[in-house]
Amino acid sequence: MWEPIGLDEAAERVYHAMLRDFPGTAAAYAEVTGLPEPAVRDALTRLCAVELAAPVPGGGHVPVDPRVGLGALIRSRRTDLDRLQQAADQLADEFRETRLRDDTRRLTEIVHGAPAIAAHVADLLAATERELLVLVGPPFLDPGDDSLDPMLDVLGRGVTCRAVHAADVIAAPGGYAQAQRLTQAGEHIRVLPDIPVKLLLADRRRALLPLSASTDRMMETAVVVRESALTQALAAMFEALWERAVPFGSADVTITAEVTPPPADRALLTLLGTGLKDEAIARQLGISERSLRRRLTRLLTRLSATSRFQAGAQAVRRGWL
């Protein structure tokens, strides 16, 4: 049992003998354990070296609390293992860069067809350990709740997920409800009028994005990009878009107001912040444009605002958004 810390079975037997009868001499412990006396002396020397035993006047030895000796030894081994892991990571980086120089085809992989792309998406999400960055644009493939299961699994594993959604995605049927559900599950979502490309970036090491900018052909061909300067550039692009985007829902802010707005007003304010047109906002809320205008008028009055922009600013100041 003690081999991982550099002690053999003989040392373990001697230590157990010391626990039952101490202080004792090497000859006494040899008689108890059935080991040769020279082997016991060697075991005692090694136990003293790792602070599991200590000599006493008269030539005997006593055991030391294992939480002291073994604890220090375990911490030392952990430090050594951490250093080894760090060295292995550095060597792995050098190995990867060398292979990329020798064969640039390892840097990217072209994926053809919707089924193959879906399989790569599933693999990338399953392999994400720490952080997932997502750019969500049209086409909006599946408004059904089942399409959220892979993302909910990622969030359930404690992975930090940030996503920038195009406003058209929020405006699509079911888009607002999906964004709400993901926000409630812990995803941080922001919204822009549009995004340049759909993107999944896992742990800043592996990315998946379509090769075509046309929504009609977007699911025909995609490219997998492995850790390199390209993934660093994609991460930088995401961060630039994230800074420009408007927060969606409450995942990115802390509600501090004493009085919070009704859910209907919060939904309206959130949709106003995305820049959607009145027709799209009304469709998402399931009301007519006329009803929307009446609700907006009441909301502006409640916030003492004369414009939508001022209403948004007042809502932020009150901690509503």
# chains A, B, ... in the order shown; residues from 1 in each chain; ligands from 1

$ select_by_dssp --residues "stretch 34-131 of chain A" --states "strand (DSSP E)" --output "count of residues only"
12

$ select_by_dssp --residues "stretch 41-196 of chain A" --states "helix (DSSP H, G or I)" --output "PyMOL selection string"
chain A and resi 41-49+66-102+104-106+114-127+145-156+167-171+175-184

$ write_last_selection --atoms "C-alpha atoms" --output "PDB file, in the first residue's frame"
ATOM      1  CA  ARG A  41      17.219  -1.670  10.713  1.00  0.00           C
ATOM      2  CA  ASP A  42      16.985  -0.591   7.057  1.00  0.00           C
ATOM      3  CA  ALA A  43      13.212  -0.132   7.392  1.00  0.00           C
ATOM      4  CA  LEU A  44      13.643   1.971  10.533  1.00  0.00           C
ATOM      5  CA  THR A  45      16.187   4.174   8.765  1.00  0.00           C
ATOM      6  CA  ARG A  46      13.754   4.782   5.904  1.00  0.00           C
ATOM      7  CA  LEU A  47      10.831   5.411   8.280  1.00  0.00           C
ATOM      8  CA  CYS A  48      12.904   7.996  10.127  1.00  0.00           C
ATOM      9  CA  ALA A  49      13.825   9.628   6.803  1.00  0.00           C
ATOM     10  CA  PRO A  66       1.251   9.416  10.203  1.00  0.00           C
ATOM     11  CA  ARG A  67      -0.677  12.604   9.561  1.00  0.00           C
ATOM     12  CA  VAL A  68       2.578  14.473  10.161  1.00  0.00           C
ATOM     13  CA  GLY A  69       5.027  12.295   8.274  1.00  0.00           C
ATOM     14  CA  LEU A  70       2.781  11.025   5.500  1.00  0.00           C
ATOM     15  CA  GLY A  71       1.082  14.408   5.105  1.00  0.00           C
ATOM     16  CA  ALA A  72       4.403  16.143   4.430  1.00  0.00           C
ATOM     17  CA  LEU A  73       5.473  13.342   2.087  1.00  0.00           C
ATOM     18  CA  ILE A  74       2.183  13.454   0.154  1.00  0.00           C
ATOM     19  CA  ARG A  75       2.423  17.223  -0.222  1.00  0.00           C
ATOM     20  CA  SER A  76       5.981  16.866  -1.497  1.00  0.00           C
ATOM     21  CA  ARG A  77       4.922  14.223  -4.028  1.00  0.00           C
ATOM     22  CA  ARG A  78       2.000  16.379  -5.142  1.00  0.00           C
ATOM     23  CA  THR A  79       4.358  19.272  -5.754  1.00  0.00           C
ATOM     24  CA  ASP A  80       6.633  17.011  -7.779  1.00  0.00           C
ATOM     25  CA  LEU A  81       3.650  15.710  -9.777  1.00  0.00           C
ATOM     26  CA  ASP A  82       2.436  19.260 -10.444  1.00  0.00           C
ATOM     27  CA  ARG A  83       5.864  20.165 -11.775  1.00  0.00           C
ATOM     28  CA  LEU A  84       5.884  17.033 -13.893  1.00  0.00           C
ATOM     29  CA  GLN A  85       2.437  17.896 -15.274  1.00  0.00           C
ATOM     30  CA  GLN A  86       3.631  21.407 -16.118  1.00  0.00           C
ATOM     31  CA  ALA A  87       6.665  20.015 -17.908  1.00  0.00           C
ATOM     32  CA  ALA A  88       4.471  17.516 -19.772  1.00  0.00           C
ATOM     33  CA  ASP A  89       2.149  20.322 -20.912  1.00  0.00           C
ATOM     34  CA  GLN A  90       5.093  22.343 -22.192  1.00  0.00           C
ATOM     35  CA  LEU A  91       6.501  19.327 -24.031  1.00  0.00           C
ATOM     36  CA  ALA A  92       3.049  18.604 -25.478  1.00  0.00           C
ATOM     37  CA  ASP A  93       2.866  22.177 -26.812  1.00  0.00           C
ATOM     38  CA  GLU A  94       6.285  21.798 -28.437  1.00  0.00           C
ATOM     39  CA  PHE A  95       5.300  18.389 -29.831  1.00  0.00           C
ATOM     40  CA  ARG A  96       2.090  19.773 -31.304  1.00  0.00           C
ATOM     41  CA  GLU A  97       3.825  22.781 -32.889  1.00  0.00           C
ATOM     42  CA  THR A  98       6.503  20.551 -34.395  1.00  0.00           C
ATOM     43  CA  ARG A  99       3.889  18.246 -35.908  1.00  0.00           C
ATOM     44  CA  LEU A 100       1.974  21.205 -37.280  1.00  0.00           C
ATOM     45  CA  ARG A 101       5.120  22.505 -38.960  1.00  0.00           C
ATOM     46  CA  ASP A 102       5.798  19.075 -40.421  1.00  0.00           C
ATOM     47  CA  THR A 104      -0.114  21.515 -41.650  1.00  0.00           C
ATOM     48  CA  ARG A 105      -3.041  19.216 -42.460  1.00  0.00           C
ATOM     49  CA  ARG A 106      -3.159  18.424 -38.743  1.00  0.00           C
ATOM     50  CA  ALA A 114     -24.959  17.909 -41.741  1.00  0.00           C
ATOM     51  CA  PRO A 115     -24.726  14.492 -39.991  1.00  0.00           C
ATOM     52  CA  ALA A 116     -20.919  14.645 -39.807  1.00  0.00           C
ATOM     53  CA  ILE A 117     -21.017  18.245 -38.611  1.00  0.00           C
ATOM     54  CA  ALA A 118     -23.569  17.334 -35.918  1.00  0.00           C
ATOM     55  CA  ALA A 119     -21.303  14.485 -34.779  1.00  0.00           C
ATOM     56  CA  HIS A 120     -18.343  16.873 -34.461  1.00  0.00           C
ATOM     57  CA  VAL A 121     -20.495  19.349 -32.514  1.00  0.00           C
ATOM     58  CA  ALA A 122     -21.492  16.596 -30.082  1.00  0.00           C
ATOM     59  CA  ASP A 123     -17.859  15.478 -29.696  1.00  0.00           C
ATOM     60  CA  LEU A 124     -16.632  19.035 -29.124  1.00  0.00           C
ATOM     61  CA  LEU A 125     -19.288  19.732 -26.476  1.00  0.00           C
ATOM     62  CA  ALA A 126     -18.609  16.435 -24.700  1.00  0.00           C
ATOM     63  CA  ALA A 127     -14.864  17.147 -24.604  1.00  0.00           C
ATOM     64  CA  ASP A 145     -36.368  22.078 -26.275  1.00  0.00           C
ATOM     65  CA  ASP A 146     -34.600  18.787 -27.072  1.00  0.00           C
ATOM     66  CA  SER A 147     -32.008  20.702 -29.085  1.00  0.00           C
ATOM     67  CA  LEU A 148     -30.836  22.312 -25.828  1.00  0.00           C
ATOM     68  CA  ASP A 149     -29.930  19.039 -24.128  1.00  0.00           C
ATOM     69  CA  PRO A 150     -26.243  18.999 -25.214  1.00  0.00           C
ATOM     70  CA  MET A 151     -25.752  22.580 -23.996  1.00  0.00           C
ATOM     71  CA  LEU A 152     -27.569  21.867 -20.742  1.00  0.00           C
ATOM     72  CA  ASP A 153     -25.265  18.875 -20.217  1.00  0.00           C
ATOM     73  CA  VAL A 154     -22.226  21.131 -20.693  1.00  0.00           C
ATOM     74  CA  LEU A 155     -23.588  23.662 -18.193  1.00  0.00           C
ATOM     75  CA  GLY A 156     -24.453  20.853 -15.798  1.00  0.00           C
ATOM     76  CA  ALA A 167     -30.870  39.333 -32.901  1.00  0.00           C
ATOM     77  CA  ASP A 168     -32.462  37.269 -35.688  1.00  0.00           C
ATOM     78  CA  VAL A 169     -31.919  34.137 -33.619  1.00  0.00           C
ATOM     79  CA  ILE A 170     -33.731  35.679 -30.641  1.00  0.00           C
ATOM     80  CA  ALA A 171     -36.514  36.816 -32.978  1.00  0.00           C
ATOM     81  CA  GLY A 175     -35.557  31.696 -29.935  1.00  0.00           C
ATOM     82  CA  TYR A 176     -36.392  33.929 -27.003  1.00  0.00           C
ATOM     83  CA  ALA A 177     -37.680  30.993 -24.924  1.00  0.00           C
ATOM     84  CA  GLN A 178     -34.525  28.988 -25.609  1.00  0.00           C
ATOM     85  CA  ALA A 179     -32.288  31.897 -24.643  1.00  0.00           C
ATOM     86  CA  GLN A 180     -34.247  32.306 -21.419  1.00  0.00           C
ATOM     87  CA  ARG A 181     -33.897  28.622 -20.576  1.00  0.00           C
ATOM     88  CA  LEU A 182     -30.151  28.635 -21.236  1.00  0.00           C
ATOM     89  CA  THR A 183     -29.738  31.770 -19.129  1.00  0.00           C
ATOM     90  CA  GLN A 184     -31.599  30.125 -16.259  1.00  0.00           C
TER      91      GLN A 184
END

$ atom_distance --atom1 "atom CA of A:Tyr15" --atom2 "atom CA of A:Tyr29"
9.2 Å

$ residues_around --residues "A:Pro138" --least-positions-apart "3" --cutoff "10 Å" --atoms "only C-alpha atoms" --output "list in words"
Leu141, His165, Ala166, Ala167, Asp168, Val169, Ile170, Ala172, Asp194, Ile195, Val197, Lys198, Ser214, Thr215, Asp216 and Met218 of chain A

$ write_last_selection --atoms "C-alpha atoms" --output "PDB file, in the first residue's frame"
ATOM      1  CA  LEU A 141     -32.043  24.947 -36.831  1.00  0.00           C
ATOM      2  CA  HIS A 165     -26.603  35.597 -30.212  1.00  0.00           C
ATOM      3  CA  ALA A 166     -27.606  37.411 -33.367  1.00  0.00           C
ATOM      4  CA  ALA A 167     -30.870  39.333 -32.901  1.00  0.00           C
ATOM      5  CA  ASP A 168     -32.462  37.269 -35.688  1.00  0.00           C
ATOM      6  CA  VAL A 169     -31.919  34.137 -33.619  1.00  0.00           C
ATOM      7  CA  ILE A 170     -33.731  35.679 -30.641  1.00  0.00           C
ATOM      8  CA  ALA A 172     -36.982  33.373 -34.570  1.00  0.00           C
ATOM      9  CA  ASP A 194     -25.714  40.290 -36.318  1.00  0.00           C
ATOM     10  CA  ILE A 195     -22.580  38.174 -36.014  1.00  0.00           C
ATOM     11  CA  VAL A 197     -19.909  33.662 -38.349  1.00  0.00           C
ATOM     12  CA  LYS A 198     -21.313  30.779 -36.303  1.00  0.00           C
ATOM     13  CA  SER A 214     -24.486  31.630 -46.945  1.00  0.00           C
ATOM     14  CA  THR A 215     -27.259  30.465 -44.623  1.00  0.00           C
ATOM     15  CA  ASP A 216     -28.477  28.088 -47.337  1.00  0.00           C
ATOM     16  CA  MET A 218     -23.885  26.744 -43.953  1.00  0.00           C
TER      17      MET A 218
END

$ residues_around --residues "A:Gly34" --least-positions-apart "4" --cutoff "12 Å" --atoms "only C-alpha atoms" --output "NGL selection string"
:A and (10 or 13-14 or 17 or 26-30 or 38-40)

$ closest_residue --among "A:Glu31, A:Leu107, A:Val64, A:Trp242" --to "A:Leu19" --atoms "only C-alpha atoms"
A:Val64

$ residues_around --residues "A:Ala202" --least-positions-apart "2" --cutoff "6 Å" --atoms "only C-alpha atoms" --output "list in words"
Thr128, Leu132, Arg204, Arg205 and Arg206 of chain A

$ residues_around --residues "A:Asp265" --least-positions-apart "6" --cutoff "10 Å" --atoms "only C-alpha atoms" --output "PDB file with C-alpha atoms, in the first residue's frame"
ATOM      1  CA  LEU A 271     -36.279  42.289 -26.007  1.00  0.00           C
ATOM      2  CA  ARG A 295     -47.489  48.080 -22.637  1.00  0.00           C
ATOM      3  CA  LEU A 296     -44.505  50.140 -23.744  1.00  0.00           C
ATOM      4  CA  ARG A 298     -47.131  52.092 -19.401  1.00  0.00           C
ATOM      5  CA  LEU A 299     -43.542  50.960 -18.931  1.00  0.00           C
ATOM      6  CA  TRP A 320     -33.918  45.677 -13.415  1.00  0.00           C
TER       7      TRP A 320
END

$ closest_residue --among "A:Pro262, A:Pro247, A:Pro57, A:Pro196" --to "A:Gly275" --atoms "only C-alpha atoms"
A:Pro247

$ closest_residue --among "A:Thr25, A:Gln284, A:Thr274, A:Thr160" --to "A:Gly174" --atoms "only C-alpha atoms"
A:Gln284

$ atom_distance --atom1 "atom CA of A:Glu243" --atom2 "atom CA of A:Arg162"
11.7 Å

$ atom_distance --atom1 "atom CA of A:Ala222" --atom2 "atom CA of A:Leu201"
13.4 Å

$ closest_residue --among "A:Pro173, A:Pro36, A:Pro210, A:Gly273" --to "A:Val223" --atoms "only C-alpha atoms"
A:Pro210

$ decode --residues "stretch 64-81 of chain A" --atoms "N, CA, C and O atoms" --output "compact mmCIF listing (two decimals), in the first residue's frame"
# COMPACT_ATOMS: atom_id res chain seq x y z
N VAL A 64 5.78 7.94 14.71
CA VAL A 64 5.33 9.33 14.64
C VAL A 64 3.94 9.33 13.99
O VAL A 64 3.65 8.50 13.12
N ASP A 65 3.08 10.24 14.45
CA ASP A 65 1.73 10.37 13.89
C ASP A 65 1.81 10.39 12.36
O ASP A 65 2.47 11.26 11.79
N PRO A 66 1.15 9.47 11.67
CA PRO A 66 1.25 9.42 10.20
C PRO A 66 0.72 10.66 9.51
O PRO A 66 1.10 10.96 8.39
N ARG A 67 -0.18 11.39 10.19
CA ARG A 67 -0.68 12.60 9.56
C ARG A 67 0.42 13.66 9.42
O ARG A 67 0.34 14.54 8.57
N VAL A 68 1.45 13.55 10.25
CA VAL A 68 2.58 14.47 10.16
C VAL A 68 3.55 14.02 9.07
O VAL A 68 3.82 14.73 8.11
N GLY A 69 4.04 12.79 9.23
CA GLY A 69 5.03 12.30 8.27
C GLY A 69 4.46 12.08 6.88
O GLY A 69 4.98 12.59 5.89
N LEU A 70 3.36 11.31 6.80
CA LEU A 70 2.78 11.03 5.50
C LEU A 70 2.20 12.28 4.85
O LEU A 70 2.27 12.45 3.63
N GLY A 71 1.64 13.17 5.67
CA GLY A 71 1.08 14.41 5.11
C GLY A 71 2.14 15.23 4.40
O GLY A 71 1.95 15.71 3.29
N ALA A 72 3.31 15.39 5.05
CA ALA A 72 4.40 16.14 4.43
C ALA A 72 4.90 15.45 3.17
O ALA A 72 5.19 16.08 2.16
N LEU A 73 4.99 14.10 3.23
CA LEU A 73 5.47 13.34 2.09
C LEU A 73 4.49 13.45 0.92
O LEU A 73 4.89 13.62 -0.24
N ILE A 74 3.20 13.35 1.22
CA ILE A 74 2.18 13.45 0.15
C ILE A 74 2.22 14.83 -0.49
O ILE A 74 2.15 14.97 -1.71
N ARG A 75 2.36 15.87 0.34
CA ARG A 75 2.42 17.22 -0.22
C ARG A 75 3.64 17.38 -1.11
O ARG A 75 3.59 18.01 -2.17
N SER A 76 4.76 16.79 -0.68
CA SER A 76 5.98 16.87 -1.50
C SER A 76 5.78 16.15 -2.83
O SER A 76 6.18 16.66 -3.89
N ARG A 77 5.16 14.96 -2.79
CA ARG A 77 4.92 14.22 -4.03
C ARG A 77 3.96 14.97 -4.93
O ARG A 77 4.10 14.97 -6.16
N ARG A 78 2.94 15.61 -4.34
CA ARG A 78 2.00 16.38 -5.14
C ARG A 78 2.70 17.53 -5.85
O ARG A 78 2.43 17.82 -7.02
N THR A 79 3.60 18.19 -5.14
CA THR A 79 4.36 19.27 -5.75
C THR A 79 5.19 18.75 -6.92
O THR A 79 5.24 19.36 -8.00
N ASP A 80 5.83 17.60 -6.70
CA ASP A 80 6.63 17.01 -7.78
C ASP A 80 5.75 16.64 -8.97
O ASP A 80 6.14 16.85 -10.13
N LEU A 81 4.56 16.09 -8.69
CA LEU A 81 3.65 15.71 -9.78
C LEU A 81 3.13 16.94 -10.53
O LEU A 81 2.97 16.90 -11.75
